[in-house]
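Asks: Got a structure for you, upload.txt, holding compact mmCIF, C-alpha atoms.
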# COMPACT_ATOMS: atom_id res chain seq x y z
CA MET V 1114 114.90 -61.19 160.30
CA GLU V 1115 115.80 -60.56 163.92
CA LEU V 1116 114.33 -57.05 163.66
CA PHE V 1117 111.10 -58.48 162.27
CA ARG V 1118 110.81 -60.89 165.21
CA GLN V 1119 111.28 -57.99 167.61
CA LEU V 1120 108.61 -55.92 165.91
CA LEU V 1121 106.13 -58.78 165.51
CA PRO V 1122 104.38 -58.26 168.90
CA SER V 1123 103.94 -54.55 168.19
CA ILE V 1124 102.61 -55.29 164.72
CA GLY V 1125 100.14 -57.73 166.23
CA VAL V 1126 98.90 -55.13 168.72
CA VAL V 1127 98.44 -52.53 165.98
CA ALA V 1128 96.64 -55.01 163.73
CA PHE V 1129 94.32 -56.02 166.55
CA ALA V 1130 93.54 -52.37 167.39
CA LEU V 1131 92.78 -51.61 163.74
CA SER V 1132 90.51 -54.61 163.48
CA VAL V 1133 88.59 -53.49 166.59
CA VAL V 1134 88.15 -50.00 165.09
CA ALA V 1135 87.00 -51.49 161.77
CA VAL V 1136 84.47 -53.80 163.43
CA ARG V 1137 83.11 -51.00 165.61
CA ARG V 1138 82.72 -48.70 162.62
CA TRP V 1139 80.97 -51.46 160.64
CA TRP V 1140 78.60 -52.02 163.55
CA GLN V 1141 77.83 -48.30 163.87
CA ILE V 1142 77.11 -47.97 160.14
CA ARG V 1143 74.88 -51.05 160.24
CA ARG V 1144 73.03 -49.70 163.28
CA ASN V 1145 72.52 -46.30 161.61
CA ARG V 1146 71.20 -47.87 158.42
CA LYS V 1147 68.74 -49.93 160.41
CA ALA V 1148 67.60 -46.83 162.29
CA ASP V 1149 67.01 -45.04 158.97
CA ALA V 1150 65.07 -48.00 157.59
CA ASP V 1151 62.94 -48.19 160.74
CA GLN V 1152 62.25 -44.46 160.58
CA ALA V 1153 61.27 -44.66 156.92
CA LEU V 1154 58.76 -47.35 157.83
CA SER V 1155 57.35 -45.25 160.66
CA LEU V 1156 56.97 -42.23 158.34
CA ALA V 1157 55.31 -44.23 155.55
CA PRO V 1158 51.73 -44.03 156.96
CA LEU V 1159 52.02 -40.24 157.31
CA ALA V 1160 53.38 -39.99 153.77
CA ALA V 1161 50.47 -42.04 152.43
CA GLU V 1162 47.98 -39.90 154.37
CA LEU V 1163 49.46 -36.74 152.84
CA GLY V 1164 49.58 -38.19 149.34
CA GLY V 1165 53.36 -38.41 149.33
CA VAL V 1166 56.25 -40.84 149.59
CA VAL V 1167 59.33 -41.54 151.70
CA VAL V 1168 62.52 -41.75 149.63
CA GLY V 1169 65.92 -43.16 150.53
CA ALA V 1170 69.40 -41.70 150.49
CA ASP V 1171 69.74 -41.91 146.70
CA ARG V 1172 66.90 -39.36 146.28
CA ALA V 1173 66.87 -37.55 149.64
CA THR V 1174 69.11 -34.56 148.89
CA ALA V 1175 67.54 -31.31 150.03
CA TRP V 1176 66.45 -28.92 147.27
CA SER V 1177 68.47 -26.21 148.97
CA ALA V 1178 71.60 -28.35 149.37
CA GLU V 1179 73.60 -26.22 146.92
CA VAL V 1180 73.16 -23.12 149.08
CA ARG V 1181 73.18 -24.85 152.46
CA GLY V 1182 74.85 -28.22 152.79
CA PRO V 1183 73.85 -30.87 155.32
CA LEU V 1184 74.86 -30.04 158.90
CA SER V 1185 76.68 -26.95 157.63
CA ASN V 1186 76.76 -25.39 161.10
CA HIS V 1187 78.78 -28.36 162.37
CA VAL V 1188 81.49 -28.65 159.70
CA SER V 1189 82.69 -25.07 159.21
CA GLY V 1190 85.09 -24.45 162.09
CA PHE V 1191 88.50 -25.95 162.84
CA VAL V 1192 87.27 -27.78 165.95
CA ASP V 1193 84.23 -29.07 164.05
CA LYS V 1194 86.45 -30.57 161.38
CA MET V 1195 88.66 -32.19 164.01
CA LEU V 1196 85.63 -33.89 165.56
CA GLN V 1197 84.09 -34.95 162.24
CA ARG V 1198 84.22 -38.68 161.57
CA SER V 1199 82.21 -38.95 158.34
CA VAL V 1200 80.96 -36.83 155.46
CA PRO V 1201 77.52 -35.29 156.17
CA LYS V 1202 74.84 -36.82 153.95
CA PHE V 1203 71.10 -36.88 153.47
CA ASP V 1204 69.61 -40.20 154.55
CA LEU V 1205 65.90 -39.98 153.79
CA ALA V 1206 63.18 -37.52 152.82
CA LEU V 1207 59.43 -37.19 153.02
CA ASP V 1208 57.93 -35.65 149.85
CA PHE V 1209 54.29 -34.57 149.61
CA PRO V 1210 51.98 -31.85 148.27
CA ARG V 1211 50.23 -29.40 150.56
CA GLY V 1212 47.59 -27.67 148.52
CA PRO V 1213 49.41 -26.25 145.48
CA TRP V 1214 52.77 -26.31 147.29
CA ARG V 1215 55.44 -28.99 146.96
CA VAL V 1216 57.08 -29.95 150.26
CA ARG V 1217 60.20 -31.91 151.18
CA VAL V 1218 61.26 -32.83 154.72
CA SER V 1219 64.78 -34.24 154.51
CA GLN V 1220 67.00 -35.73 157.18
CA ALA V 1221 70.80 -35.65 157.25
CA SER V 1222 73.44 -37.10 159.53
CA MET V 1223 77.15 -37.54 160.13
CA ARG V 1224 79.36 -39.32 162.63
CA GLN V 1225 81.05 -37.04 165.16
CA GLN V 1226 83.47 -37.58 168.02
CA LYS V 1227 81.76 -37.19 171.41
CA SER V 1228 83.14 -37.27 174.94
CA ARG V 1229 82.26 -40.97 175.23
CA GLY V 1230 83.07 -42.15 171.73
CA VAL V 1231 81.74 -41.56 168.25
CA GLY V 1232 78.07 -40.59 168.02
CA ARG V 1233 75.62 -39.63 165.31
CA LEU V 1234 74.62 -36.02 164.72
CA ILE V 1235 71.23 -35.60 162.98
CA GLU V 1236 69.29 -32.65 161.62
CA HIS V 1237 66.20 -32.29 159.45
CA ARG V 1238 65.08 -29.59 157.04
CA PHE V 1239 61.64 -28.38 155.98
CA GLU V 1240 61.45 -27.03 152.43
CA VAL V 1241 58.74 -25.62 150.18
CA ALA V 1242 59.44 -24.86 146.51
CA THR V 1243 58.48 -21.28 145.61
CA ALA V 1244 58.84 -18.69 142.88
CA ARG V 1245 62.38 -17.38 142.61
CA LEU V 1246 62.38 -14.07 144.45
CA ALA V 1247 65.16 -11.95 145.91
CA PRO V 1248 66.71 -13.65 148.99
CA MET V 1249 65.24 -12.81 152.39
CA ARG V 1250 65.05 -14.26 155.89
CA LEU V 1251 62.80 -14.02 158.92
CA THR V 1252 64.17 -15.05 162.33
CA ARG V 1253 62.52 -15.08 165.74
CA ARG V 1254 64.15 -12.71 168.20
CA GLN V 1255 65.40 -14.02 171.54
CA HIS V 1256 64.48 -12.18 174.75
CA VAL V 1257 66.45 -14.34 177.19
CA ASP V 1258 69.80 -16.09 176.95
CA PHE V 1259 70.50 -19.73 177.74
CA ARG V 1260 70.60 -18.87 181.46
CA GLY V 1261 67.20 -17.20 181.36
CA ARG V 1262 68.58 -13.67 181.69
CA GLN V 1263 66.90 -10.80 179.85
CA VAL V 1264 68.75 -9.63 176.74
CA GLY V 1265 68.41 -6.64 174.42
CA PRO V 1266 67.42 -6.51 170.74
CA GLU V 1267 71.08 -6.68 169.72
CA HIS V 1268 71.39 -10.20 171.21
CA LEU V 1269 72.65 -12.68 168.59
CA GLY V 1270 72.90 -9.82 166.11
CA ALA V 1271 75.46 -11.65 163.95
CA TRP V 1272 73.16 -14.67 163.74
CA LEU V 1273 70.13 -12.55 162.85
CA SER V 1274 72.00 -10.68 160.11
CA ALA V 1275 74.02 -13.59 158.65
CA ARG V 1276 73.90 -13.47 154.84
CA PRO V 1277 72.60 -16.47 152.85
CA LEU V 1278 75.06 -18.03 150.43
CA THR V 1279 73.28 -16.64 147.37
CA VAL V 1280 73.83 -13.10 148.70
CA VAL V 1281 77.45 -13.86 149.60
CA ARG V 1282 78.13 -15.24 146.11
CA SER V 1283 76.66 -12.18 144.39
CA ASP V 1284 78.16 -9.79 146.95
CA GLY V 1285 74.68 -8.31 147.20
CA GLU V 1286 73.19 -6.04 149.81
CA TRP V 1287 71.66 -7.60 152.91
CA LEU V 1288 69.55 -5.05 154.72
CA PRO V 1289 67.23 -5.07 157.77
CA LEU V 1290 63.53 -4.43 157.15
CA ARG V 1291 61.85 -2.02 159.54
CA LEU V 1292 58.86 -3.82 161.03
CA PRO V 1293 55.75 -2.41 162.75
CA VAL V 1294 56.08 -1.62 166.46
CA GLY V 1295 55.35 -4.71 168.52
CA VAL V 1296 56.12 -7.13 165.72
CA ASP V 1297 59.70 -5.85 165.68
CA ARG V 1298 60.14 -7.26 169.19
CA GLU V 1299 59.32 -10.74 167.92
CA PHE V 1300 60.97 -10.97 164.51
CA ALA V 1301 64.02 -9.76 162.62
CA VAL V 1302 63.70 -9.64 158.83
CA PHE V 1303 66.52 -9.09 156.33
CA GLY V 1304 66.45 -9.02 152.56
CA SER V 1305 68.48 -8.15 149.49
CA ASP V 1306 65.58 -6.16 147.98
CA LEU V 1307 63.71 -4.25 150.68
CA SER V 1308 60.68 -3.41 148.53
CA SER V 1309 60.17 -7.08 147.65
CA THR V 1310 60.82 -8.11 151.26
CA ALA V 1311 58.31 -5.55 152.58
CA ARG V 1312 55.60 -6.85 150.24
CA ALA V 1313 56.28 -10.40 151.36
CA PHE V 1314 56.37 -9.67 155.10
CA ASN V 1315 53.32 -7.44 155.12
CA PRO V 1316 51.36 -6.76 158.36
CA GLU V 1317 48.75 -9.46 157.60
CA ALA V 1318 51.40 -12.12 157.05
CA LEU V 1319 53.38 -11.15 160.16
CA ASP V 1320 50.31 -10.96 162.41
CA TRP V 1321 49.15 -14.35 161.18
CA LEU V 1322 52.56 -15.90 161.77
CA LEU V 1323 52.80 -14.42 165.25
CA ALA V 1324 49.46 -15.96 166.20
CA ARG V 1325 50.41 -19.23 164.53
CA LEU V 1326 53.48 -19.64 166.74
CA GLU V 1327 51.17 -20.69 169.57
CA VAL V 1328 50.38 -24.01 167.86
CA LEU V 1329 54.01 -24.92 167.17
CA PRO V 1330 56.18 -26.94 169.55
CA PRO V 1331 57.79 -24.45 171.99
CA LEU V 1332 61.37 -24.86 170.75
CA VAL V 1333 60.31 -24.59 167.12
CA GLY V 1334 58.38 -21.39 167.74
CA MET V 1335 61.17 -19.94 169.86
CA PHE V 1336 63.95 -20.49 167.32
CA LEU V 1337 61.98 -20.28 164.06
CA SER V 1338 64.10 -19.05 161.15
CA LEU V 1339 62.88 -19.12 157.54
CA THR V 1340 65.27 -18.46 154.66
CA PHE V 1341 64.03 -17.71 151.15
CA GLU V 1342 66.61 -18.21 148.42
CA ASP V 1343 67.11 -19.97 145.11
CA GLY V 1344 63.41 -20.80 144.75
CA VAL V 1345 63.05 -22.54 148.13
CA VAL V 1346 61.96 -21.48 151.60
CA TYR V 1347 63.58 -23.67 154.25
CA CYS V 1348 64.24 -24.05 157.94
CA THR V 1349 66.59 -26.48 159.64
CA MET V 1350 66.18 -28.17 163.04
CA GLN V 1351 68.25 -30.49 165.16
CA GLY V 1352 67.39 -34.17 165.58
CA PRO V 1353 65.42 -36.63 163.46
CA VAL V 1354 62.07 -35.94 161.80
CA GLU V 1355 59.20 -36.23 164.30
CA GLU V 1356 56.03 -37.21 162.47
CA GLU V 1357 53.67 -35.49 164.92
CA VAL V 1358 55.10 -32.02 164.18
CA VAL V 1359 55.46 -32.31 160.40
CA VAL V 1360 51.98 -31.05 159.51
CA PRO V 1361 51.89 -28.12 162.02
CA ILE V 1362 55.25 -26.82 160.83
CA VAL V 1363 54.49 -27.26 157.13
CA ASP V 1364 51.07 -25.64 157.52
CA THR V 1365 52.75 -22.68 159.22
CA ILE V 1366 55.15 -22.22 156.32
CA VAL V 1367 52.57 -22.59 153.54
CA GLY V 1368 50.07 -20.46 155.47
CA LEU V 1369 52.65 -17.68 155.54
CA LEU V 1370 53.36 -18.15 151.82
CA ASP V 1371 49.65 -17.87 151.05
CA ARG V 1372 49.71 -14.38 152.59
CA MET V 1373 52.68 -13.17 150.54
CA PRO V 1374 51.41 -11.39 147.39
CA ASP V 1375 54.33 -12.22 145.07
CA MET V 1376 54.79 -15.79 146.24
CA ARG V 1377 53.80 -18.62 143.89
CA PRO V 1378 54.21 -22.42 144.03
CA ARG V 1379 56.90 -23.99 141.88
CA HIS V 1380 57.66 -27.55 140.95
CA PRO V 1381 61.12 -28.32 142.43
CA ALA V 1382 62.30 -29.75 139.10
CA ALA V 1383 61.58 -26.46 137.31
CA ALA V 1384 64.54 -24.28 136.47
Would you give me this structure, written as structure tokens?
Replies:
Amino acid sequence: MELFRQLLPSIGVVAFALSVVAVRRWWQIRRNRKADADQALSLAPLAAELGGVVVGADRATAWSAEVRGPLSNHVSGFVDKMLQRSVPKFDLALDFPRGPWRVRVSQASMRQQKSRGVGRLIEHRFEVATARLAPMRLTRRQHVDFRGRQVGPEHLGAWLSARPLTVVRSDGEWLPLRLPVGVDREFAVFGSDLSSTARAFNPEALDWLLARLEVLPPLVGMFLSLTFEDGVVYCTMQGPVEEEVVVPIVDTIVGLLDRMPDMRPRHPAAA
């Protein structure tokens, strides 16, 4: 009994600290849910204009989630896991048709430790359901580093040549496609079947895409990376969905698909 009386002040301090943490976490979750609800409302007019809908977390999972999980670049390393404060999850999605193509723009988030407390990390993903072709990827080359210094074609080579999960699982080949002179300074293309990849990224498609980059937001055009695998073409970007850039980005993706001979629309529910 005497020992309990001695420990009672310490127990009280611990209990108070835990209650503060619990209340703060509850407040953060409530704030995040309200932010998602407000964003869904702001996206609703755009969805209606495009003939689509905004769906909540129960139906917002990306079509490509099995091959690329939410915020996968931020949960893979040891330090990332140490800073992680919640499980990454999809919070909302904008679904709509664009011509014959089915489009999903999903948004995911997780709580992460920052220098000044716990913050929310958000990303969004553009997806178009396509015919199931051999995996391939197009990525924009970088000519300067983050300090503005000129860099060579080997810059970020590991990033450019990183294999998609479907190729890793099958232990398949992942080979660079030789592009026409001039275009090869702007894009790097890899594929598991070079003949199929060459037909897809033909000169007309690449020239059109290069010209189309001018209408995209600067950061989107600079870091554009499109992955084709498991019947979906997708690209992932940091931050929440911005309604003013949805149509330009989607029209860029479907415009490229329209110029790929073997590419066909697919309903996302189709096997």
Asks: By how many Å are CA of Ala1221 in chain V and CA of Leu1205 in chain V apart?
Replies: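 Result for CA of Ala1221 in chain V versus CA of Leu1205 in chain V: 7.4 Å, one decimal.
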Asks: So that I can see what lies close to range 1189-1193 of chain V, please list as a PDB file with C-alpha atoms, in the frame of the given file the residues with an atom at most 12 Å from it, counting all atoms listed in the file and leaving out residues fewer than 3 positions away in the same chain.
Replies:
ATOM      1  CA  ARG V1181      73.180 -24.850 152.460  1.00  0.00           C
ATOM      2  CA  GLY V1182      74.850 -28.220 152.790  1.00  0.00           C
ATOM      3  CA  PRO V1183      73.850 -30.870 155.320  1.00  0.00           C
ATOM      4  CA  LEU V1184      74.860 -30.040 158.900  1.00  0.00           C
ATOM      5  CA  SER V1185      76.680 -26.950 157.630  1.00  0.00           C
ATOM      6  CA  ASN V1186      76.760 -25.390 161.100  1.00  0.00           C
ATOM      7  CA  LEU V1196      85.630 -33.890 165.560  1.00  0.00           C
ATOM      8  CA  GLN V1197      84.090 -34.950 162.240  1.00  0.00           C
ATOM      9  CA  ARG V1198      84.220 -38.680 161.570  1.00  0.00           C
ATOM     10  CA  SER V1199      82.210 -38.950 158.340  1.00  0.00           C
ATOM     11  CA  PRO V1201      77.520 -35.290 156.170  1.00  0.00           C
ATOM     12  CA  MET V1223      77.150 -37.540 160.130  1.00  0.00           C
ATOM     13  CA  ARG V1224      79.360 -39.320 162.630  1.00  0.00           C
ATOM     14  CA  GLN V1225      81.050 -37.040 165.160  1.00  0.00           C
ATOM     15  CA  GLN V1226      83.470 -37.580 168.020  1.00  0.00           C
ATOM     16  CA  LYS V1227      81.760 -37.190 171.410  1.00  0.00           C
ATOM     17  CA  LEU V1234      74.620 -36.020 164.720  1.00  0.00           C
TER      18      LEU V1234
END
Asks: Just how far from CA of Pro1378 in chain V is CA of Glu1327 in chain V, in Å to one decimal?
Replies: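 Result for CA of Glu1327 in chain V versus CA of Pro1378 in chain V: 25.8 Å, one decimal.
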Asks: My list of candidates is V:Ser1274, V:Val1166, V:Ala1206, V:Leu1156. Which is closest to Glu1355 in chain V when distances are computed with all atoms listed in the file?
Replies: V:Leu1156
Asks: When you count only C-alpha atoms, which of these residues is closest to Arg1211 in chain V: V:Leu1273, V:Val1328, V:Ile1366, V:Val1264?
Replies: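 Nearest candidate to Arg1211 in chain V out of V:Leu1273, V:Val1328, V:Ile1366, V:Val1264: V:Ile1366.
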